[in-house]
>>> print(open('entry.pdb').read())   # PDB, N, CA and C atoms
ATOM      1  N   MET A 928       4.137   7.957  22.217  1.00  0.00           N
ATOM      2  CA  MET A 928       3.535   8.247  20.931  1.00  0.00           C
ATOM      3  C   MET A 928       2.374   7.293  20.701  1.00  0.00           C
ATOM      4  N   LYS A 929       1.273   7.822  20.272  1.00  0.00           N
ATOM      5  CA  LYS A 929       0.080   7.024  20.021  1.00  0.00           C
ATOM      6  C   LYS A 929       0.241   6.212  18.742  1.00  0.00           C
ATOM      7  N   LYS A 930      -0.078   4.936  18.811  1.00  0.00           N
ATOM      8  CA  LYS A 930      -0.023   4.084  17.632  1.00  0.00           C
ATOM      9  C   LYS A 930      -1.284   4.310  16.810  1.00  0.00           C
ATOM     10  N   ILE A 931      -1.100   4.433  15.517  1.00  0.00           N
ATOM     11  CA  ILE A 931      -2.224   4.633  14.617  1.00  0.00           C
ATOM     12  C   ILE A 931      -2.627   3.274  14.062  1.00  0.00           C
ATOM     13  N   GLN A 932      -3.823   2.838  14.441  1.00  0.00           N
ATOM     14  CA  GLN A 932      -4.323   1.556  13.974  1.00  0.00           C
ATOM     15  C   GLN A 932      -5.830   1.637  13.781  1.00  0.00           C
ATOM     16  N   PHE A 933      -6.342   0.773  12.935  1.00  0.00           N
ATOM     17  CA  PHE A 933      -7.765   0.658  12.668  1.00  0.00           C
ATOM     18  C   PHE A 933      -8.097  -0.820  12.769  1.00  0.00           C
ATOM     19  N   TYR A 934      -8.774  -1.204  13.832  1.00  0.00           N
ATOM     20  CA  TYR A 934      -9.051  -2.615  14.082  1.00  0.00           C
ATOM     21  C   TYR A 934      -7.782  -3.460  13.975  1.00  0.00           C
ATOM     22  N   GLU A 935      -6.738  -3.001  14.626  1.00  0.00           N
ATOM     23  CA  GLU A 935      -5.430  -3.669  14.683  1.00  0.00           C
ATOM     24  C   GLU A 935      -4.705  -3.704  13.343  1.00  0.00           C
ATOM     25  N   ASN A 936      -5.128  -2.892  12.405  1.00  0.00           N
ATOM     26  CA  ASN A 936      -4.469  -2.800  11.104  1.00  0.00           C
ATOM     27  C   ASN A 936      -3.722  -1.479  11.003  1.00  0.00           C
ATOM     28  N   LYS A 937      -2.522  -1.539  10.457  1.00  0.00           N
ATOM     29  CA  LYS A 937      -1.765  -0.315  10.190  1.00  0.00           C
ATOM     30  C   LYS A 937      -2.281   0.365   8.927  1.00  0.00           C
ATOM     31  N   ASN A 938      -2.818  -0.436   7.995  1.00  0.00           N
ATOM     32  CA  ASN A 938      -3.408   0.110   6.776  1.00  0.00           C
ATOM     33  C   ASN A 938      -4.483  -0.859   6.296  1.00  0.00           C
ATOM     34  N   ILE A 939      -5.349  -0.395   5.428  1.00  0.00           N
ATOM     35  CA  ILE A 939      -6.412  -1.275   4.942  1.00  0.00           C
ATOM     36  C   ILE A 939      -6.227  -1.646   3.467  1.00  0.00           C
ATOM     37  N   ILE A 940      -5.079  -1.263   2.896  1.00  0.00           N
ATOM     38  CA  ILE A 940      -4.849  -1.581   1.485  1.00  0.00           C
ATOM     39  C   ILE A 940      -3.884  -2.744   1.289  1.00  0.00           C
ATOM     40  N   HIS A 941      -3.355  -3.304   2.354  1.00  0.00           N
ATOM     41  CA  HIS A 941      -2.269  -4.274   2.213  1.00  0.00           C
ATOM     42  C   HIS A 941      -2.617  -5.447   1.298  1.00  0.00           C
ATOM     43  N   LYS A 942      -3.793  -6.014   1.427  1.00  0.00           N
ATOM     44  CA  LYS A 942      -4.178  -7.159   0.579  1.00  0.00           C
ATOM     45  C   LYS A 942      -4.357  -6.737  -0.874  1.00  0.00           C
ATOM     46  N   GLN A 943      -5.064  -5.647  -1.092  1.00  0.00           N
ATOM     47  CA  GLN A 943      -5.316  -5.181  -2.454  1.00  0.00           C
ATOM     48  C   GLN A 943      -4.024  -4.725  -3.137  1.00  0.00           C
ATOM     49  N   LEU A 944      -3.145  -4.074  -2.382  1.00  0.00           N
ATOM     50  CA  LEU A 944      -1.878  -3.622  -2.962  1.00  0.00           C
ATOM     51  C   LEU A 944      -1.086  -4.820  -3.482  1.00  0.00           C
ATOM     52  N   ARG A 945      -0.969  -5.843  -2.659  1.00  0.00           N
ATOM     53  CA  ARG A 945      -0.225  -7.046  -3.074  1.00  0.00           C
ATOM     54  C   ARG A 945      -0.889  -7.696  -4.298  1.00  0.00           C
ATOM     55  N   LEU A 946      -2.197  -7.847  -4.259  1.00  0.00           N
ATOM     56  CA  LEU A 946      -2.928  -8.465  -5.355  1.00  0.00           C
ATOM     57  C   LEU A 946      -2.755  -7.681  -6.662  1.00  0.00           C
ATOM     58  N   LEU A 947      -2.955  -6.370  -6.599  1.00  0.00           N
ATOM     59  CA  LEU A 947      -2.860  -5.539  -7.796  1.00  0.00           C
ATOM     60  C   LEU A 947      -1.416  -5.425  -8.299  1.00  0.00           C
ATOM     61  N   ARG A 948      -0.456  -5.406  -7.388  1.00  0.00           N
ATOM     62  CA  ARG A 948       0.955  -5.366  -7.790  1.00  0.00           C
ATOM     63  C   ARG A 948       1.303  -6.638  -8.557  1.00  0.00           C
ATOM     64  N   LYS A 949       0.901  -7.775  -8.006  1.00  0.00           N
ATOM     65  CA  LYS A 949       1.187  -9.053  -8.673  1.00  0.00           C
ATOM     66  C   LYS A 949       0.442  -9.153 -10.006  1.00  0.00           C
ATOM     67  N   LYS A 950      -0.787  -8.667 -10.036  1.00  0.00           N
ATOM     68  CA  LYS A 950      -1.573  -8.666 -11.277  1.00  0.00           C
ATOM     69  C   LYS A 950      -0.879  -7.827 -12.349  1.00  0.00           C
ATOM     70  N   SER A 951      -0.210  -6.771 -11.926  1.00  0.00           N
ATOM     71  CA  SER A 951       0.541  -5.906 -12.843  1.00  0.00           C
ATOM     72  C   SER A 951       1.932  -6.460 -13.144  1.00  0.00           C
ATOM     73  N   ARG A 952       2.240  -7.600 -12.556  1.00  0.00           N
ATOM     74  CA  ARG A 952       3.540  -8.268 -12.750  1.00  0.00           C
ATOM     75  C   ARG A 952       4.714  -7.379 -12.359  1.00  0.00           C
ATOM     76  N   LEU A 953       4.556  -6.694 -11.228  1.00  0.00           N
ATOM     77  CA  LEU A 953       5.615  -5.856 -10.681  1.00  0.00           C
ATOM     78  C   LEU A 953       6.163  -6.500  -9.416  1.00  0.00           C
ATOM     79  N   THR A 954       7.458  -6.437  -9.249  1.00  0.00           N
ATOM     80  CA  THR A 954       8.045  -6.837  -7.970  1.00  0.00           C
ATOM     81  C   THR A 954       7.901  -5.664  -7.008  1.00  0.00           C
ATOM     82  N   GLN A 955       8.137  -5.922  -5.748  1.00  0.00           N
ATOM     83  CA  GLN A 955       8.106  -4.832  -4.772  1.00  0.00           C
ATOM     84  C   GLN A 955       9.159  -3.786  -5.122  1.00  0.00           C
ATOM     85  N   GLY A 956      10.322  -4.234  -5.561  1.00  0.00           N
ATOM     86  CA  GLY A 956      11.393  -3.309  -5.942  1.00  0.00           C
ATOM     87  C   GLY A 956      11.022  -2.457  -7.138  1.00  0.00           C
ATOM     88  N   GLU A 957      10.355  -3.062  -8.113  1.00  0.00           N
ATOM     89  CA  GLU A 957       9.917  -2.307  -9.297  1.00  0.00           C
ATOM     90  C   GLU A 957       8.854  -1.278  -8.932  1.00  0.00           C
ATOM     91  N   LEU A 958       7.940  -1.665  -8.047  1.00  0.00           N
ATOM     92  CA  LEU A 958       6.925  -0.718  -7.588  1.00  0.00           C
ATOM     93  C   LEU A 958       7.583   0.441  -6.847  1.00  0.00           C
ATOM     94  N   ALA A 959       8.545   0.128  -6.000  1.00  0.00           N
ATOM     95  CA  ALA A 959       9.262   1.179  -5.264  1.00  0.00           C
ATOM     96  C   ALA A 959       9.980   2.119  -6.235  1.00  0.00           C
ATOM     97  N   SER A 960      10.594   1.568  -7.273  1.00  0.00           N
ATOM     98  CA  SER A 960      11.286   2.400  -8.271  1.00  0.00           C
ATOM     99  C   SER A 960      10.318   3.337  -8.983  1.00  0.00           C
ATOM    100  N   LYS A 961       9.148   2.828  -9.333  1.00  0.00           N
ATOM    101  CA  LYS A 961       8.138   3.665  -9.980  1.00  0.00           C
ATOM    102  C   LYS A 961       7.647   4.758  -9.024  1.00  0.00           C
ATOM    103  N   MET A 962       7.533   4.428  -7.758  1.00  0.00           N
ATOM    104  CA  MET A 962       7.140   5.430  -6.761  1.00  0.00           C
ATOM    105  C   MET A 962       8.207   6.523  -6.659  1.00  0.00           C
ATOM    106  N   GLN A 963       9.473   6.111  -6.684  1.00  0.00           N
ATOM    107  CA  GLN A 963      10.566   7.082  -6.593  1.00  0.00           C
ATOM    108  C   GLN A 963      10.567   8.023  -7.785  1.00  0.00           C
ATOM    109  N   LEU A 964      10.163   7.523  -8.962  1.00  0.00           N
ATOM    110  CA  LEU A 964      10.057   8.396 -10.136  1.00  0.00           C
ATOM    111  C   LEU A 964       8.983   9.467  -9.946  1.00  0.00           C
ATOM    112  N   LEU A 965       8.028   9.201  -9.054  1.00  0.00           N
ATOM    113  CA  LEU A 965       6.997  10.185  -8.716  1.00  0.00           C
ATOM    114  C   LEU A 965       7.404  11.027  -7.504  1.00  0.00           C
ATOM    115  N   ASN A 966       8.688  10.929  -7.134  1.00  0.00           N
ATOM    116  CA  ASN A 966       9.259  11.684  -6.012  1.00  0.00           C
ATOM    117  C   ASN A 966       8.723  11.228  -4.656  1.00  0.00           C
ATOM    118  N   ILE A 967       8.347   9.942  -4.554  1.00  0.00           N
ATOM    119  CA  ILE A 967       7.907   9.359  -3.291  1.00  0.00           C
ATOM    120  C   ILE A 967       9.078   8.579  -2.725  1.00  0.00           C
ATOM    121  N   ASN A 968       9.531   8.958  -1.547  1.00  0.00           N
ATOM    122  CA  ASN A 968      10.684   8.323  -0.920  1.00  0.00           C
ATOM    123  C   ASN A 968      10.255   7.011  -0.256  1.00  0.00           C
ATOM    124  N   ILE A 969      10.335   5.927  -1.015  1.00  0.00           N
ATOM    125  CA  ILE A 969       9.915   4.615  -0.529  1.00  0.00           C
ATOM    126  C   ILE A 969      10.826   3.579  -1.172  1.00  0.00           C
ATOM    127  N   ASP A 970      11.122   2.508  -0.439  1.00  0.00           N
ATOM    128  CA  ASP A 970      11.960   1.449  -0.988  1.00  0.00           C
ATOM    129  C   ASP A 970      11.254   0.099  -0.883  1.00  0.00           C
ATOM    130  N   GLN A 971      11.904  -0.944  -1.353  1.00  0.00           N
ATOM    131  CA  GLN A 971      11.300  -2.270  -1.389  1.00  0.00           C
ATOM    132  C   GLN A 971      10.900  -2.736   0.003  1.00  0.00           C
ATOM    133  N   GLN A 972      11.729  -2.472   1.012  1.00  0.00           N
ATOM    134  CA  GLN A 972      11.408  -2.901   2.371  1.00  0.00           C
ATOM    135  C   GLN A 972      10.149  -2.220   2.887  1.00  0.00           C
ATOM    136  N   MET A 973       9.949  -0.970   2.521  1.00  0.00           N
ATOM    137  CA  MET A 973       8.741  -0.255   2.942  1.00  0.00           C
ATOM    138  C   MET A 973       7.506  -0.837   2.267  1.00  0.00           C
ATOM    139  N   ILE A 974       7.622  -1.184   0.984  1.00  0.00           N
ATOM    140  CA  ILE A 974       6.510  -1.829   0.279  1.00  0.00           C
ATOM    141  C   ILE A 974       6.177  -3.145   0.968  1.00  0.00           C
ATOM    142  N   SER A 975       7.201  -3.901   1.320  1.00  0.00           N
ATOM    143  CA  SER A 975       7.007  -5.179   2.008  1.00  0.00           C
ATOM    144  C   SER A 975       6.280  -4.978   3.333  1.00  0.00           C
ATOM    145  N   ARG A 976       6.670  -3.968   4.090  1.00  0.00           N
ATOM    146  CA  ARG A 976       6.022  -3.694   5.376  1.00  0.00           C
ATOM    147  C   ARG A 976       4.565  -3.273   5.192  1.00  0.00           C
ATOM    148  N   ILE A 977       4.279  -2.528   4.133  1.00  0.00           N
ATOM    149  CA  ILE A 977       2.886  -2.151   3.849  1.00  0.00           C
ATOM    150  C   ILE A 977       2.078  -3.402   3.535  1.00  0.00           C
ATOM    151  N   GLU A 978       2.622  -4.264   2.682  1.00  0.00           N
ATOM    152  CA  GLU A 978       1.901  -5.477   2.291  1.00  0.00           C
ATOM    153  C   GLU A 978       1.736  -6.463   3.451  1.00  0.00           C
ATOM    154  N   ARG A 979       2.629  -6.390   4.439  1.00  0.00           N
ATOM    155  CA  ARG A 979       2.496  -7.236   5.633  1.00  0.00           C
ATOM    156  C   ARG A 979       1.673  -6.545   6.720  1.00  0.00           C
ATOM    157  N   ASN A 980       1.111  -5.375   6.396  1.00  0.00           N
ATOM    158  CA  ASN A 980       0.256  -4.642   7.328  1.00  0.00           C
ATOM    159  C   ASN A 980       1.034  -4.154   8.551  1.00  0.00           C
ATOM    160  N   GLU A 981       2.278  -3.793   8.338  1.00  0.00           N
ATOM    161  CA  GLU A 981       3.145  -3.329   9.424  1.00  0.00           C
ATOM    162  C   GLU A 981       3.499  -1.847   9.317  1.00  0.00           C
ATOM    163  N   ARG A 982       2.973  -1.165   8.309  1.00  0.00           N
ATOM    164  CA  ARG A 982       3.306   0.247   8.091  1.00  0.00           C
ATOM    165  C   ARG A 982       2.068   0.979   7.594  1.00  0.00           C
ATOM    166  N   ILE A 983       1.913   2.206   8.082  1.00  0.00           N
ATOM    167  CA  ILE A 983       0.810   3.030   7.597  1.00  0.00           C
ATOM    168  C   ILE A 983       1.111   3.501   6.173  1.00  0.00           C
ATOM    169  N   VAL A 984       0.087   3.968   5.489  1.00  0.00           N
ATOM    170  CA  VAL A 984       0.215   4.488   4.133  1.00  0.00           C
ATOM    171  C   VAL A 984      -0.273   5.933   4.154  1.00  0.00           C
ATOM    172  N   THR A 985       0.533   6.822   3.615  1.00  0.00           N
ATOM    173  CA  THR A 985       0.132   8.230   3.563  1.00  0.00           C
ATOM    174  C   THR A 985      -0.820   8.455   2.385  1.00  0.00           C
ATOM    175  N   ASP A 986      -1.494   9.577   2.407  1.00  0.00           N
ATOM    176  CA  ASP A 986      -2.437   9.879   1.335  1.00  0.00           C
ATOM    177  C   ASP A 986      -1.743   9.996  -0.016  1.00  0.00           C
ATOM    178  N   TYR A 987      -0.569  10.611  -0.058  1.00  0.00           N
ATOM    179  CA  TYR A 987       0.123  10.746  -1.335  1.00  0.00           C
ATOM    180  C   TYR A 987       0.681   9.412  -1.817  1.00  0.00           C
ATOM    181  N   GLU A 988       1.042   8.514  -0.905  1.00  0.00           N
ATOM    182  CA  GLU A 988       1.450   7.170  -1.314  1.00  0.00           C
ATOM    183  C   GLU A 988       0.260   6.418  -1.906  1.00  0.00           C
ATOM    184  N   LEU A 989      -0.893   6.530  -1.252  1.00  0.00           N
ATOM    185  CA  LEU A 989      -2.110   5.874  -1.731  1.00  0.00           C
ATOM    186  C   LEU A 989      -2.456   6.336  -3.143  1.00  0.00           C
ATOM    187  N   ALA A 990      -2.446   7.640  -3.363  1.00  0.00           N
ATOM    188  CA  ALA A 990      -2.751   8.188  -4.685  1.00  0.00           C
ATOM    189  C   ALA A 990      -1.738   7.703  -5.723  1.00  0.00           C
ATOM    190  N   SER A 991      -0.480   7.641  -5.349  1.00  0.00           N
ATOM    191  CA  SER A 991       0.568   7.207  -6.272  1.00  0.00           C
ATOM    192  C   SER A 991       0.472   5.721  -6.590  1.00  0.00           C
ATOM    193  N   PHE A 992       0.127   4.895  -5.593  1.00  0.00           N
ATOM    194  CA  PHE A 992      -0.080   3.471  -5.862  1.00  0.00           C
ATOM    195  C   PHE A 992      -1.177   3.296  -6.903  1.00  0.00           C
ATOM    196  N   GLY A 993      -2.265   4.024  -6.735  1.00  0.00           N
ATOM    197  CA  GLY A 993      -3.362   3.943  -7.692  1.00  0.00           C
ATOM    198  C   GLY A 993      -2.926   4.348  -9.085  1.00  0.00           C
ATOM    199  N   GLU A 994      -2.182   5.434  -9.174  1.00  0.00           N
ATOM    200  CA  GLU A 994      -1.700   5.918 -10.477  1.00  0.00           C
ATOM    201  C   GLU A 994      -0.810   4.876 -11.154  1.00  0.00           C
ATOM    202  N   ILE A 995       0.133   4.333 -10.411  1.00  0.00           N
ATOM    203  CA  ILE A 995       1.069   3.357 -10.976  1.00  0.00           C
ATOM    204  C   ILE A 995       0.366   2.062 -11.372  1.00  0.00           C
ATOM    205  N   LEU A 996      -0.561   1.613 -10.543  1.00  0.00           N
ATOM    206  CA  LEU A 996      -1.242   0.353 -10.805  1.00  0.00           C
ATOM    207  C   LEU A 996      -2.426   0.507 -11.756  1.00  0.00           C
ATOM    208  N   GLY A 997      -2.735   1.732 -12.125  1.00  0.00           N
ATOM    209  CA  GLY A 997      -3.799   1.990 -13.093  1.00  0.00           C
ATOM    210  C   GLY A 997      -5.193   1.725 -12.555  1.00  0.00           C
ATOM    211  N   VAL A 998      -5.381   2.000 -11.256  1.00  0.00           N
ATOM    212  CA  VAL A 998      -6.693   1.798 -10.637  1.00  0.00           C
ATOM    213  C   VAL A 998      -7.084   3.046  -9.854  1.00  0.00           C
ATOM    214  N   GLU A 999      -8.375   3.165  -9.621  1.00  0.00           N
ATOM    215  CA  GLU A 999      -8.869   4.240  -8.757  1.00  0.00           C
ATOM    216  C   GLU A 999      -8.493   3.917  -7.314  1.00  0.00           C
ATOM    217  N   VAL A1000      -8.326   4.936  -6.516  1.00  0.00           N
ATOM    218  CA  VAL A1000      -8.010   4.745  -5.099  1.00  0.00           C
ATOM    219  C   VAL A1000      -9.066   3.875  -4.427  1.00  0.00           C
ATOM    220  N   SER A1001     -10.303   3.997  -4.856  1.00  0.00           N
ATOM    221  CA  SER A1001     -11.384   3.196  -4.270  1.00  0.00           C
ATOM    222  C   SER A1001     -11.141   1.698  -4.433  1.00  0.00           C
ATOM    223  N   GLU A1002     -10.457   1.301  -5.493  1.00  0.00           N
ATOM    224  CA  GLU A1002     -10.124  -0.116  -5.691  1.00  0.00           C
ATOM    225  C   GLU A1002      -9.141  -0.590  -4.617  1.00  0.00           C
ATOM    226  N   LEU A1003      -8.189   0.245  -4.275  1.00  0.00           N
ATOM    227  CA  LEU A1003      -7.238  -0.096  -3.209  1.00  0.00           C
ATOM    228  C   LEU A1003      -7.927  -0.127  -1.844  1.00  0.00           C
ATOM    229  N   LEU A1004      -8.957   0.688  -1.677  1.00  0.00           N
ATOM    230  CA  LEU A1004      -9.653   0.805  -0.391  1.00  0.00           C
ATOM    231  C   LEU A1004     -10.848  -0.132  -0.255  1.00  0.00           C
ATOM    232  N   LYS A1005     -11.065  -1.008  -1.211  1.00  0.00           N
ATOM    233  CA  LYS A1005     -12.298  -1.795  -1.222  1.00  0.00           C
ATOM    234  C   LYS A1005     -12.462  -2.721  -0.024  1.00  0.00           C
ATOM    235  N   ASP A1006     -11.390  -3.060   0.677  1.00  0.00           N
ATOM    236  CA  ASP A1006     -11.507  -3.907   1.866  1.00  0.00           C
ATOM    237  C   ASP A1006     -11.929  -3.120   3.116  1.00  0.00           C
ATOM    238  N   TYR A1007     -12.111  -1.811   2.984  1.00  0.00           N
ATOM    239  CA  TYR A1007     -12.486  -0.967   4.125  1.00  0.00           C
ATOM    240  C   TYR A1007     -13.724  -1.485   4.850  1.00  0.00           C
ATOM    241  N   ARG A1008     -14.727  -1.876   4.113  1.00  0.00           N
ATOM    242  CA  ARG A1008     -15.984  -2.328   4.714  1.00  0.00           C
ATOM    243  C   ARG A1008     -15.866  -3.702   5.365  1.00  0.00           C
ATOM    244  N   ALA A1009     -14.776  -4.404   5.118  1.00  0.00           N
ATOM    245  CA  ALA A1009     -14.582  -5.742   5.710  1.00  0.00           C
ATOM    246  C   ALA A1009     -14.264  -5.656   7.202  1.00  0.00           C
ATOM    247  N   PHE A1010     -13.919  -4.449   7.671  1.00  0.00           N
ATOM    248  CA  PHE A1010     -13.524  -4.315   9.072  1.00  0.00           C
ATOM    249  C   PHE A1010     -14.697  -3.988   9.913  1.00  0.00           C
TER     250      PHE A1010
END
>>> encode(input="entry.pdb", output="structure tokens")
Amino acid sequence: MKKIQFYENKNIIHKQLRLLRKKSRLTQGELASKMQLLNINIDQQMISRIERNERIVTDYELASFGEILGVEVSELLKDYRAF
């Protein structure tokens, strides 16, 4: 199976997700719970893996993170040009 990576990154939102989650004063578990309310099957360990750049992020997860954190998807993707 081909590994999906971009310049050795599994995702490009890991830094912004952690920063915005902490700014919103949410724990990883609380963020996961809010995601589950949007019918996204994700748990605290998966959030941790995303923030450690060890897991890819799907498009619907990306959109849901933005909705929960009250930011545009572009804010989560702002580190894209850093690569």
>>> residues_around(input="entry.pdb", residues="A:Lys949", least_positions_apart="5", cutoff="12 Å", atoms="only C-alpha atoms", output="list in words")
Lys942, Gln943, Leu944, Thr954, Gln955, Glu957, Leu958, Glu978 and Leu996 of chain A
>>> residues_around(input="entry.pdb", residues="A:Gly956", least_positions_apart="4", cutoff="8 Å", atoms="all atoms listed in the file", output="list in words")
Ser960, Lys961, Met962, Asp970, Gln971, Gln972, Ile974 and Ser975 of chain A
>>> atom_distance(input="entry.pdb", atom1="atom CA of A:Asn936", atom2="atom CA of A:Arg976")
12.0 Å
>>> axis_aligned_box(input="entry.pdb", around="stretch 968-985 of chain A", padding_each_side="4 Å", output="AutoDock Vina command-line options")
--center_x 5.6 --center_y 0.9 --center_z 3.9 --size_x 20.8 --size_y 24.2 --size_z 19.0
>>> select_by_dssp(input="entry.pdb", residues="chain A", states="helix (DSSP H, G or I)", output="PyMOL selection string")
chain A and resi 941-950+955-964+971-978+986-996+1000-1003+1005-1009
>>> resolve_selection(input="entry.pdb", expression="the PyMOL selection byres (((chain A and resi 1005-1009 and name CA) around 10) and name CA)", output="ChimeraX atom specification")
/A:933,938-943,1000-1004,1010
>>> atom_distance(input="entry.pdb", atom1="atom CA of A:Glu935", atom2="atom CA of A:Glu994")
27.2 Å
>>> closest_residue(input="entry.pdb", among="A:Ile931, A:Ile967, A:Leu947, A:Ile983", to="A:Glu999", atoms="only C-alpha atoms")
A:Leu947
>>> atom_distance(input="entry.pdb", atom1="atom N of A:Gly997", atom2="atom C of A:Leu964")
14.2 Å
>>> closest_residue(input="entry.pdb", among="A:Ser951, A:Gln963, A:Asn980, A:Asn968", to="A:Lys937", atoms="only N, CA and C atoms")
A:Asn980
>>> residues_near_point(input="entry.pdb", point="(2.0, 2.9, -1.9)", cutoff="8 Å", atoms="all atoms listed in the file", output="PyMOL selection string")
chain A and resi 944+958+962+973-974+977+984-985+987-993
>>> build_atoms(input="entry.pdb", residues="stretch 949-956 of chain A", atoms="all heavy atoms", output="mmCIF file, in the coordinates of the input")
data_model
loop_
_atom_site.group_PDB
_atom_site.id
_atom_site.type_symbol
_atom_site.label_atom_id
_atom_site.label_comp_id
_atom_site.auth_asym_id
_atom_site.auth_seq_id
_atom_site.Cartn_x
_atom_site.Cartn_y
_atom_site.Cartn_z
ATOM 1 N N LYS A 949 0.901 -7.775 -8.006
ATOM 2 C CA LYS A 949 1.187 -9.053 -8.673
ATOM 3 C C LYS A 949 0.442 -9.153 -10.006
ATOM 4 O O LYS A 949 0.996 -9.661 -10.982
ATOM 5 C CB LYS A 949 0.833 -10.218 -7.762
ATOM 6 C CG LYS A 949 1.818 -10.365 -6.616
ATOM 7 C CD LYS A 949 1.558 -11.606 -5.818
ATOM 8 C CE LYS A 949 2.693 -11.801 -4.843
ATOM 9 N NZ LYS A 949 2.898 -13.190 -4.521
ATOM 10 N N LYS A 950 -0.787 -8.667 -10.036
ATOM 11 C CA LYS A 950 -1.573 -8.666 -11.277
ATOM 12 C C LYS A 950 -0.879 -7.827 -12.349
ATOM 13 O O LYS A 950 -0.946 -8.147 -13.533
ATOM 14 C CB LYS A 950 -2.970 -8.112 -10.988
ATOM 15 C CG LYS A 950 -3.974 -8.326 -12.065
ATOM 16 C CD LYS A 950 -5.345 -7.868 -11.582
ATOM 17 C CE LYS A 950 -6.410 -8.144 -12.614
ATOM 18 N NZ LYS A 950 -7.718 -7.708 -12.157
ATOM 19 N N SER A 951 -0.210 -6.771 -11.926
ATOM 20 C CA SER A 951 0.541 -5.906 -12.843
ATOM 21 C C SER A 951 1.932 -6.460 -13.144
ATOM 22 O O SER A 951 2.711 -5.823 -13.862
ATOM 23 C CB SER A 951 0.684 -4.499 -12.247
ATOM 24 O OG SER A 951 -0.575 -3.891 -12.113
ATOM 25 N N ARG A 952 2.240 -7.600 -12.556
ATOM 26 C CA ARG A 952 3.540 -8.268 -12.750
ATOM 27 C C ARG A 952 4.714 -7.379 -12.359
ATOM 28 O O ARG A 952 5.727 -7.313 -13.061
ATOM 29 C CB ARG A 952 3.684 -8.771 -14.169
ATOM 30 C CG ARG A 952 2.657 -9.830 -14.495
ATOM 31 C CD ARG A 952 2.847 -10.400 -15.846
ATOM 32 N NE ARG A 952 1.874 -11.483 -16.027
ATOM 33 C CZ ARG A 952 1.936 -12.362 -16.971
ATOM 34 N NH1 ARG A 952 2.918 -12.322 -17.847
ATOM 35 N NH2 ARG A 952 1.031 -13.309 -17.071
ATOM 36 N N LEU A 953 4.556 -6.694 -11.228
ATOM 37 C CA LEU A 953 5.615 -5.856 -10.681
ATOM 38 C C LEU A 953 6.163 -6.500 -9.416
ATOM 39 O O LEU A 953 5.395 -7.019 -8.606
ATOM 40 C CB LEU A 953 5.085 -4.468 -10.314
ATOM 41 C CG LEU A 953 4.660 -3.548 -11.445
ATOM 42 C CD1 LEU A 953 3.973 -2.309 -10.877
ATOM 43 C CD2 LEU A 953 5.853 -3.148 -12.292
ATOM 44 N N THR A 954 7.458 -6.437 -9.249
ATOM 45 C CA THR A 954 8.045 -6.837 -7.970
ATOM 46 C C THR A 954 7.901 -5.664 -7.008
ATOM 47 O O THR A 954 7.598 -4.534 -7.425
ATOM 48 C CB THR A 954 9.542 -7.180 -8.119
ATOM 49 O OG1 THR A 954 10.250 -5.987 -8.482
ATOM 50 C CG2 THR A 954 9.775 -8.279 -9.156
ATOM 51 N N GLN A 955 8.137 -5.922 -5.748
ATOM 52 C CA GLN A 955 8.106 -4.832 -4.772
ATOM 53 C C GLN A 955 9.159 -3.786 -5.122
ATOM 54 O O GLN A 955 8.910 -2.586 -5.010
ATOM 55 C CB GLN A 955 8.337 -5.367 -3.365
ATOM 56 C CG GLN A 955 7.199 -6.207 -2.850
ATOM 57 C CD GLN A 955 7.493 -6.842 -1.506
ATOM 58 O OE1 GLN A 955 8.648 -6.936 -1.077
ATOM 59 N NE2 GLN A 955 6.440 -7.290 -0.842
ATOM 60 N N GLY A 956 10.322 -4.234 -5.561
ATOM 61 C CA GLY A 956 11.393 -3.309 -5.942
ATOM 62 C C GLY A 956 11.022 -2.457 -7.138
ATOM 63 O O GLY A 956 11.326 -1.254 -7.184
#
